[in-house]
Amino acid sequence: MAEQAKSDPGSRSASQCLHDQFAGQARRRRNAVAVVQGERSLTYAELHERARALAARLRAEGVGPDVVVGLFAERSVDMLIGMIGILEAGGAYLPLRVDDPADRVSFILRDAGVRVVVTTPVTDERGLDFDGVRVRADVPGAVAPTEETPARTNEETSARANEENLAYVIYTSGTTGTPKGVAVPHRAAARIVRTGVYGDFDEHQTFLQACPLSFDASVFEIWAALANGARLVLLPQQRSSADAVIDTVRRYGVTTCWLTPTLFNQLVDEDRLKDSGLRQVVIGGEVVSTPHLAQAMRSTDIRFANGYGPTEAGVFTCCHLFQESDLAYAPPPVGTPLPGTRVWILDERMRPVPDGELGELYIGGPALAREYHRRPDLTERAFLPDPFGETADGRIYRSGDLARMLPGQLVQVVGRTDSQVKIRGNRVELTEVEAALLDEPAVAQAAVVDRGEGAERVLAAYVIPAYGATPTVTELRARLAARLPDYMIPTEFHRLERLPLTRHGKTDRAALRAETGAPRLELGTAYRPAAGELESLMAGIWAEVLGVPAVGMDDNYFDLGGTSLSIKQAQLRLEERTGVRLPSTALYEYPTVRALAEAMAKHEV
């Protein structure tokens, strides 16, 4: 077990609200740097003052306890001002992904009943189908800097939230074909930053913020720093890549970060954690690879911890500081519940299973979300009456995760009981992707499965075309991109005559996962052979990496089945044969052989 946090407990506010814990640190560490991004930084006092100024403007627009406010912001200092300002006003923030399709953002705003959205200079200029009030996070307000943070005004005091009020609403993939909002109160979120179970959280640490706000691990990244007087470093506003993470860690002396297993595995494979300066790393979002963990533990002095938990249970349910003995298990254990949190492993009749046997994991205690926002039907199905009478609010959450209890009362999570999967750490309901495909006129039937393990897991779509239709990969990817986040768009598209069924008449996903001979849909672009030495070399490398017979000049790397993992392979092979090392973002910006070769010739990459 890790040492307890070393910061003075008396320095923290007695309140369990996130912003009150931050305010306590702002009073105590006024001139300490709170946040850094590039050349811009704010002290605790400056960040608090700007957030209070924004809060005053939000209260004037009717924001108060349990009022959900959209936060449409890129990763930036202004994003943090917006988040803290919303909480200081008494409201709950709803993060909106800047790169999500406009239709999805509009649906979320309508579904959540949002009337106020906080924007930044960057996002305020973007099209947003929204009839409510927009408030810029960066516009100066009426609260001026003072030598000491003043006592709250009557207006501020009346607007204060308590630990049972909402802190945030995060939308996740939904089984009904549309996303659903998980409404999390302060009591559930604040508990993850007060414990020393899985790390040292104190003013001597520097935390990295790299996750999108719509990924609940961002709650840990941000508040483990700001509630404990530490420094928070924001990753530059670009795709989160191994290069960007390690460069930022080394430049700013980051000591603590959270990594998805996908990114963790890549850093281990490239031996980039050694001498990085990191002291503690929390891994979560997907199953952890035991071989990668073993290599990292034996080659570095970093303390590695597992952070497991669904969004419905306040980011982390179980945490565990990895020990050598954990390497005997694949996957390694997720550990024991955080203080005050309860877990049960039950059979289909809601009876506890013997230790060592598989069952479904249920969660109870202050970790639980309040509900699915404005969806009592979904809430009732997932948040069940406590059959054991052991929780204060009488509820337990059905996680859908398959788990067993290992010796030492360590929980091991091994899979799912339903159609939910994790892709690059993001939760995906396969039925939501299928619903989007079935909305396409060219598609009569469709099924989506996950294929591969851990960091290499991808989505594969199997399509039965509508009569007379000839859907192409390019067409379907473009249509899906207009309504789904990029991590929910399948990597593979296959054509079938009929879908395999189980004896109960349901889609046989196991048979589809084993299906390797189904033909792929046509790309939808005319094949033009590579011309020129560099183009021919790149086309050959892409064909090798992606396992396709040939790559044309105008074939899109991602339409061919390219992923973030295969990009690294392609770049390494190109570097081996030409000596040219491309930045990690090159293929996202120039996804065809023609475009990339032209950019290289002009020295644009």
# chains A, B, ... in the order shown; residues from 1 in each chain; ligands from 1

call {"tool": "select_by_dssp", "arguments": {"residues": "segment 47-165 of chain A", "states": "strand (DSSP E or B)", "output": "list in words"}}
result
Val68, Val69, Gly70, Leu71, Phe72, Ala92, Tyr93, Leu94, Pro95, Leu96, Val116, Val117, Val118, Thr119, Val133, Arg134, Val135 and Arg136 of chain A

call {"tool": "write_last_selection", "arguments": {"atoms": "C-alpha atoms", "output": "mmCIF file, in the first residue's frame"}}
result
data_model
loop_
_atom_site.group_PDB
_atom_site.id
_atom_site.type_symbol
_atom_site.label_atom_id
_atom_site.label_comp_id
_atom_site.auth_asym_id
_atom_site.auth_seq_id
_atom_site.Cartn_x
_atom_site.Cartn_y
_atom_site.Cartn_z
ATOM 1 C CA VAL A 68 -25.970 21.508 -15.965
ATOM 2 C CA VAL A 69 -23.717 23.834 -17.972
ATOM 3 C CA GLY A 70 -22.047 22.827 -21.227
ATOM 4 C CA LEU A 71 -18.253 23.240 -21.369
ATOM 5 C CA PHE A 72 -17.179 23.515 -25.008
ATOM 6 C CA ALA A 92 -22.304 20.950 -12.891
ATOM 7 C CA TYR A 93 -20.105 20.907 -15.987
ATOM 8 C CA LEU A 94 -20.924 18.831 -19.052
ATOM 9 C CA PRO A 95 -17.783 18.404 -21.203
ATOM 10 C CA LEU A 96 -18.387 18.572 -24.957
ATOM 11 C CA VAL A 116 -25.864 27.870 -20.858
ATOM 12 C CA VAL A 117 -22.569 26.895 -22.525
ATOM 13 C CA VAL A 118 -19.116 28.118 -21.529
ATOM 14 C CA THR A 119 -16.759 28.594 -24.482
ATOM 15 C CA VAL A 133 -26.571 31.574 -23.710
ATOM 16 C CA ARG A 134 -22.859 31.417 -24.464
ATOM 17 C CA VAL A 135 -20.424 32.718 -21.852
ATOM 18 C CA ARG A 136 -16.736 33.112 -22.668
#

call {"tool": "closest_atom_pairs", "arguments": {"of": "segment 90-152 of chain A", "to": "segment 364-384 of chain A", "cutoff": "10 Å", "atoms": "only C-alpha atoms", "output": "tab-separated table"}}
result
residue	atom	partner	partner_atom	distance
A:Asp111	CA	A:Arg374	CA	8.0
A:Ala112	CA	A:His373	CA	6.9
A:Gly113	CA	A:Arg374	CA	8.9

call {"tool": "closest_residue", "arguments": {"among": "A:Phe207, A:Tyr590, A:Trp223, A:Tyr527", "to": "Tyr557 of chain A", "atoms": "only C-alpha atoms"}}
result
A:Tyr590

call {"tool": "residues_around", "arguments": {"residues": "Cys319 of chain A", "least_positions_apart": "4", "cutoff": "9 Å", "atoms": "only C-alpha atoms", "output": "list of chain:residue names"}}
result
A:Val197, A:Tyr198, A:Val282, A:Ala305, A:Asn306, A:Gly307, A:Tyr308, A:Gly309, A:Val334, A:Gly335, A:Thr336, A:Pro337, A:Leu338

call {"tool": "write_last_selection", "arguments": {"atoms": "N, CA and C atoms", "output": "PDB file, in the first residue's frame"}}
result
ATOM      1  N   VAL A 197      -4.106   5.789  -1.122  1.00  0.00           N
ATOM      2  CA  VAL A 197      -4.040   4.358  -1.391  1.00  0.00           C
ATOM      3  C   VAL A 197      -3.148   4.051  -2.591  1.00  0.00           C
ATOM      4  N   TYR A 198      -3.166   4.892  -3.612  1.00  0.00           N
ATOM      5  CA  TYR A 198      -2.469   4.548  -4.852  1.00  0.00           C
ATOM      6  C   TYR A 198      -1.507   5.637  -5.299  1.00  0.00           C
ATOM      7  N   VAL A 282      -0.533   5.924 -12.861  1.00  0.00           N
ATOM      8  CA  VAL A 282      -1.776   5.176 -12.684  1.00  0.00           C
ATOM      9  C   VAL A 282      -2.233   4.724 -14.069  1.00  0.00           C
ATOM     10  N   ALA A 305       0.346   1.904 -10.492  1.00  0.00           N
ATOM     11  CA  ALA A 305      -0.908   1.556  -9.825  1.00  0.00           C
ATOM     12  C   ALA A 305      -1.988   1.327 -10.867  1.00  0.00           C
ATOM     13  N   ASN A 306      -2.965   0.491 -10.502  1.00  0.00           N
ATOM     14  CA  ASN A 306      -4.119   0.267 -11.364  1.00  0.00           C
ATOM     15  C   ASN A 306      -5.277   1.095 -10.833  1.00  0.00           C
ATOM     16  N   GLY A 307      -5.978   1.773 -11.722  1.00  0.00           N
ATOM     17  CA  GLY A 307      -7.163   2.521 -11.332  1.00  0.00           C
ATOM     18  C   GLY A 307      -8.354   2.011 -12.122  1.00  0.00           C
ATOM     19  N   TYR A 308      -9.219   1.217 -11.487  1.00  0.00           N
ATOM     20  CA  TYR A 308     -10.363   0.615 -12.174  1.00  0.00           C
ATOM     21  C   TYR A 308     -11.664   1.248 -11.697  1.00  0.00           C
ATOM     22  N   GLY A 309     -12.567   1.467 -12.621  1.00  0.00           N
ATOM     23  CA  GLY A 309     -13.909   1.866 -12.240  1.00  0.00           C
ATOM     24  C   GLY A 309     -14.687   2.410 -13.417  1.00  0.00           C
ATOM     25  N   VAL A 334      -7.062  -5.518 -10.164  1.00  0.00           N
ATOM     26  CA  VAL A 334      -7.362  -4.087 -10.057  1.00  0.00           C
ATOM     27  C   VAL A 334      -7.332  -3.655  -8.605  1.00  0.00           C
ATOM     28  N   GLY A 335      -7.216  -4.600  -7.673  1.00  0.00           N
ATOM     29  CA  GLY A 335      -7.000  -4.261  -6.279  1.00  0.00           C
ATOM     30  C   GLY A 335      -8.229  -4.320  -5.413  1.00  0.00           C
ATOM     31  N   THR A 336      -8.244  -3.464  -4.407  1.00  0.00           N
ATOM     32  CA  THR A 336      -9.321  -3.430  -3.414  1.00  0.00           C
ATOM     33  C   THR A 336     -10.106  -2.129  -3.543  1.00  0.00           C
ATOM     34  N   PRO A 337     -11.347  -2.118  -3.057  1.00  0.00           N
ATOM     35  CA  PRO A 337     -12.158  -0.895  -3.172  1.00  0.00           C
ATOM     36  C   PRO A 337     -11.543   0.264  -2.391  1.00  0.00           C
ATOM     37  N   LEU A 338     -11.770   1.472  -2.886  1.00  0.00           N
ATOM     38  CA  LEU A 338     -11.366   2.663  -2.152  1.00  0.00           C
ATOM     39  C   LEU A 338     -12.149   2.749  -0.839  1.00  0.00           C
TER      40      LEU A 338
END

call {"tool": "residues_around", "arguments": {"residues": "segment 469-476 of chain A", "least_positions_apart": "6", "cutoff": "6 Å", "atoms": "only C-alpha atoms", "output": "list of chain:residue names"}}
result
A:Ala442, A:Leu521, A:Glu522, A:Leu523, A:Gly524

call {"tool": "closest_residue", "arguments": {"among": "A:Val254, A:Gln237, A:Gly562, A:Asn228", "to": "Leu587 of chain A", "atoms": "only C-alpha atoms"}}
result
A:Gly562

call {"tool": "residues_around", "arguments": {"residues": "segment 169-173 of chain A", "least_positions_apart": "5", "cutoff": "7 Å", "atoms": "only C-alpha atoms", "output": "VMD selection string"}}
result
chain A and resid 92 to 95 178 to 184 214 427 to 429 432

call {"tool": "closest_residue", "arguments": {"among": "A:Gln209, A:Thr43, A:Thr120, A:Asn265", "to": "Arg424 of chain A", "atoms": "only C-alpha atoms"}}
result
A:Asn265

call {"tool": "decode", "arguments": {"residues": "segment 35-165 of chain A", "atoms": "C-alpha atoms", "output": "tab-separated table (two decimals), in the first residue's frame"}}
result
chain	number	residue	atom	x	y	z
A	35	VAL	CA	-1.46	25.35	-14.05
A	36	VAL	CA	0.99	25.49	-16.96
A	37	GLN	CA	0.51	25.07	-20.69
A	38	GLY	CA	3.33	26.06	-23.00
A	39	GLU	CA	4.43	29.56	-22.00
A	40	ARG	CA	1.21	30.38	-20.14
A	41	SER	CA	0.74	29.79	-16.44
A	42	LEU	CA	-1.52	30.91	-13.59
A	43	THR	CA	-0.96	30.86	-9.86
A	44	TYR	CA	-3.55	29.41	-7.52
A	45	ALA	CA	-4.75	32.92	-6.64
A	46	GLU	CA	-5.03	33.96	-10.30
A	47	LEU	CA	-6.89	30.81	-11.31
A	48	HIS	CA	-9.28	31.14	-8.38
A	49	GLU	CA	-9.97	34.83	-9.04
A	50	ARG	CA	-10.74	34.25	-12.72
A	51	ALA	CA	-12.96	31.28	-11.91
A	52	ARG	CA	-14.89	33.36	-9.34
A	53	ALA	CA	-15.35	36.13	-11.88
A	54	LEU	CA	-16.79	33.65	-14.36
A	55	ALA	CA	-18.99	32.16	-11.63
A	56	ALA	CA	-20.53	35.58	-10.97
A	57	ARG	CA	-21.49	35.91	-14.63
A	58	LEU	CA	-22.92	32.37	-14.68
A	59	ARG	CA	-25.03	32.98	-11.59
A	60	ALA	CA	-26.47	36.03	-13.36
A	61	GLU	CA	-27.63	33.59	-16.09
A	62	GLY	CA	-29.42	31.39	-13.55
A	63	VAL	CA	-26.70	28.81	-12.89
A	64	GLY	CA	-26.90	27.23	-9.45
A	65	PRO	CA	-26.94	23.81	-7.76
A	66	ASP	CA	-27.79	20.94	-10.13
A	67	VAL	CA	-27.92	23.23	-13.18
A	68	VAL	CA	-25.97	21.51	-15.96
A	69	VAL	CA	-23.72	23.83	-17.97
A	70	GLY	CA	-22.05	22.83	-21.23
A	71	LEU	CA	-18.25	23.24	-21.37
A	72	PHE	CA	-17.18	23.52	-25.01
A	73	ALA	CA	-13.43	23.96	-24.67
A	74	GLU	CA	-10.17	22.69	-26.09
A	75	ARG	CA	-7.48	21.60	-23.62
A	76	SER	CA	-6.33	24.97	-22.31
A	77	VAL	CA	-5.99	27.19	-19.27
A	78	ASP	CA	-9.35	28.74	-20.26
A	79	MET	CA	-10.87	25.25	-20.09
A	80	LEU	CA	-9.82	25.03	-16.44
A	81	ILE	CA	-11.21	28.49	-15.68
A	82	GLY	CA	-14.49	27.37	-17.26
A	83	MET	CA	-14.66	24.13	-15.29
A	84	ILE	CA	-13.89	25.69	-11.90
A	85	GLY	CA	-16.13	28.68	-12.65
A	86	ILE	CA	-19.10	26.43	-13.35
A	87	LEU	CA	-18.55	24.55	-10.09
A	88	GLU	CA	-18.00	27.78	-8.13
A	89	ALA	CA	-21.36	29.02	-9.45
A	90	GLY	CA	-22.94	25.91	-7.96
A	91	GLY	CA	-23.50	24.17	-11.31
A	92	ALA	CA	-22.30	20.95	-12.89
A	93	TYR	CA	-20.10	20.91	-15.99
A	94	LEU	CA	-20.92	18.83	-19.05
A	95	PRO	CA	-17.78	18.40	-21.20
A	96	LEU	CA	-18.39	18.57	-24.96
A	97	ARG	CA	-15.70	17.11	-27.21
A	98	VAL	CA	-14.45	19.78	-29.60
A	99	ASP	CA	-13.72	17.21	-32.32
A	100	ASP	CA	-17.04	15.36	-32.03
A	101	PRO	CA	-19.51	15.57	-34.93
A	102	ALA	CA	-21.80	18.60	-34.68
A	103	ASP	CA	-24.92	16.40	-34.67
A	104	ARG	CA	-23.67	14.48	-31.65
A	105	VAL	CA	-22.85	17.67	-29.73
A	106	SER	CA	-26.29	19.08	-30.56
A	107	PHE	CA	-28.00	15.88	-29.38
A	108	ILE	CA	-26.13	15.96	-26.07
A	109	LEU	CA	-27.05	19.61	-25.45
A	110	ARG	CA	-30.73	18.91	-26.14
A	111	ASP	CA	-30.78	15.65	-24.19
A	112	ALA	CA	-29.20	17.26	-21.14
A	113	GLY	CA	-31.48	20.30	-21.26
A	114	VAL	CA	-28.51	22.69	-21.34
A	115	ARG	CA	-29.35	26.41	-21.44
A	116	VAL	CA	-25.86	27.87	-20.86
A	117	VAL	CA	-22.57	26.89	-22.52
A	118	VAL	CA	-19.12	28.12	-21.53
A	119	THR	CA	-16.76	28.59	-24.48
A	120	THR	CA	-13.18	29.75	-25.12
A	121	PRO	CA	-11.77	32.07	-27.81
A	122	VAL	CA	-11.09	29.01	-29.98
A	123	THR	CA	-14.45	27.26	-29.63
A	124	ASP	CA	-16.64	30.37	-29.60
A	125	GLU	CA	-16.03	30.78	-33.32
A	126	ARG	CA	-17.10	27.23	-34.14
A	127	GLY	CA	-20.56	26.35	-35.33
A	128	LEU	CA	-22.74	25.12	-32.47
A	129	ASP	CA	-26.42	24.35	-32.95
A	130	PHE	CA	-27.50	25.92	-29.68
A	131	ASP	CA	-30.16	28.53	-28.88
A	132	GLY	CA	-29.11	29.25	-25.30
A	133	VAL	CA	-26.57	31.57	-23.71
A	134	ARG	CA	-22.86	31.42	-24.46
A	135	VAL	CA	-20.42	32.72	-21.85
A	136	ARG	CA	-16.74	33.11	-22.67
A	137	ALA	CA	-14.39	31.74	-20.01
A	138	ASP	CA	-11.64	34.24	-20.81
A	139	VAL	CA	-13.64	37.48	-20.59
A	140	PRO	CA	-12.58	39.50	-17.49
A	141	GLY	CA	-15.18	39.74	-14.75
A	142	ALA	CA	-15.97	41.93	-11.79
A	143	VAL	CA	-14.00	40.05	-9.12
A	144	ALA	CA	-10.67	41.87	-8.80
A	145	PRO	CA	-7.46	40.39	-7.35
A	146	THR	CA	-7.10	40.91	-3.61
A	147	GLU	CA	-4.33	40.29	-1.11
A	148	GLU	CA	-6.44	37.67	0.60
A	149	THR	CA	-9.32	35.74	-0.93
A	150	PRO	CA	-12.39	37.51	0.52
A	151	ALA	CA	-15.26	35.82	2.26
A	152	ARG	CA	-18.06	34.79	-0.06
A	153	THR	CA	-20.80	37.29	-0.76
A	154	ASN	CA	-24.39	36.45	0.15
A	155	GLU	CA	-25.05	35.67	-3.51
A	156	GLU	CA	-22.11	33.26	-3.64
A	157	THR	CA	-23.10	31.57	-0.39
A	158	SER	CA	-26.69	30.98	-1.54
A	159	ALA	CA	-25.40	29.45	-4.78
A	160	ARG	CA	-23.04	27.00	-3.10
A	161	ALA	CA	-23.41	23.34	-3.94
A	162	ASN	CA	-23.09	20.63	-1.33
A	163	GLU	CA	-21.62	17.15	-1.67
A	164	GLU	CA	-24.92	15.69	-2.89
A	165	ASN	CA	-25.24	18.20	-5.75
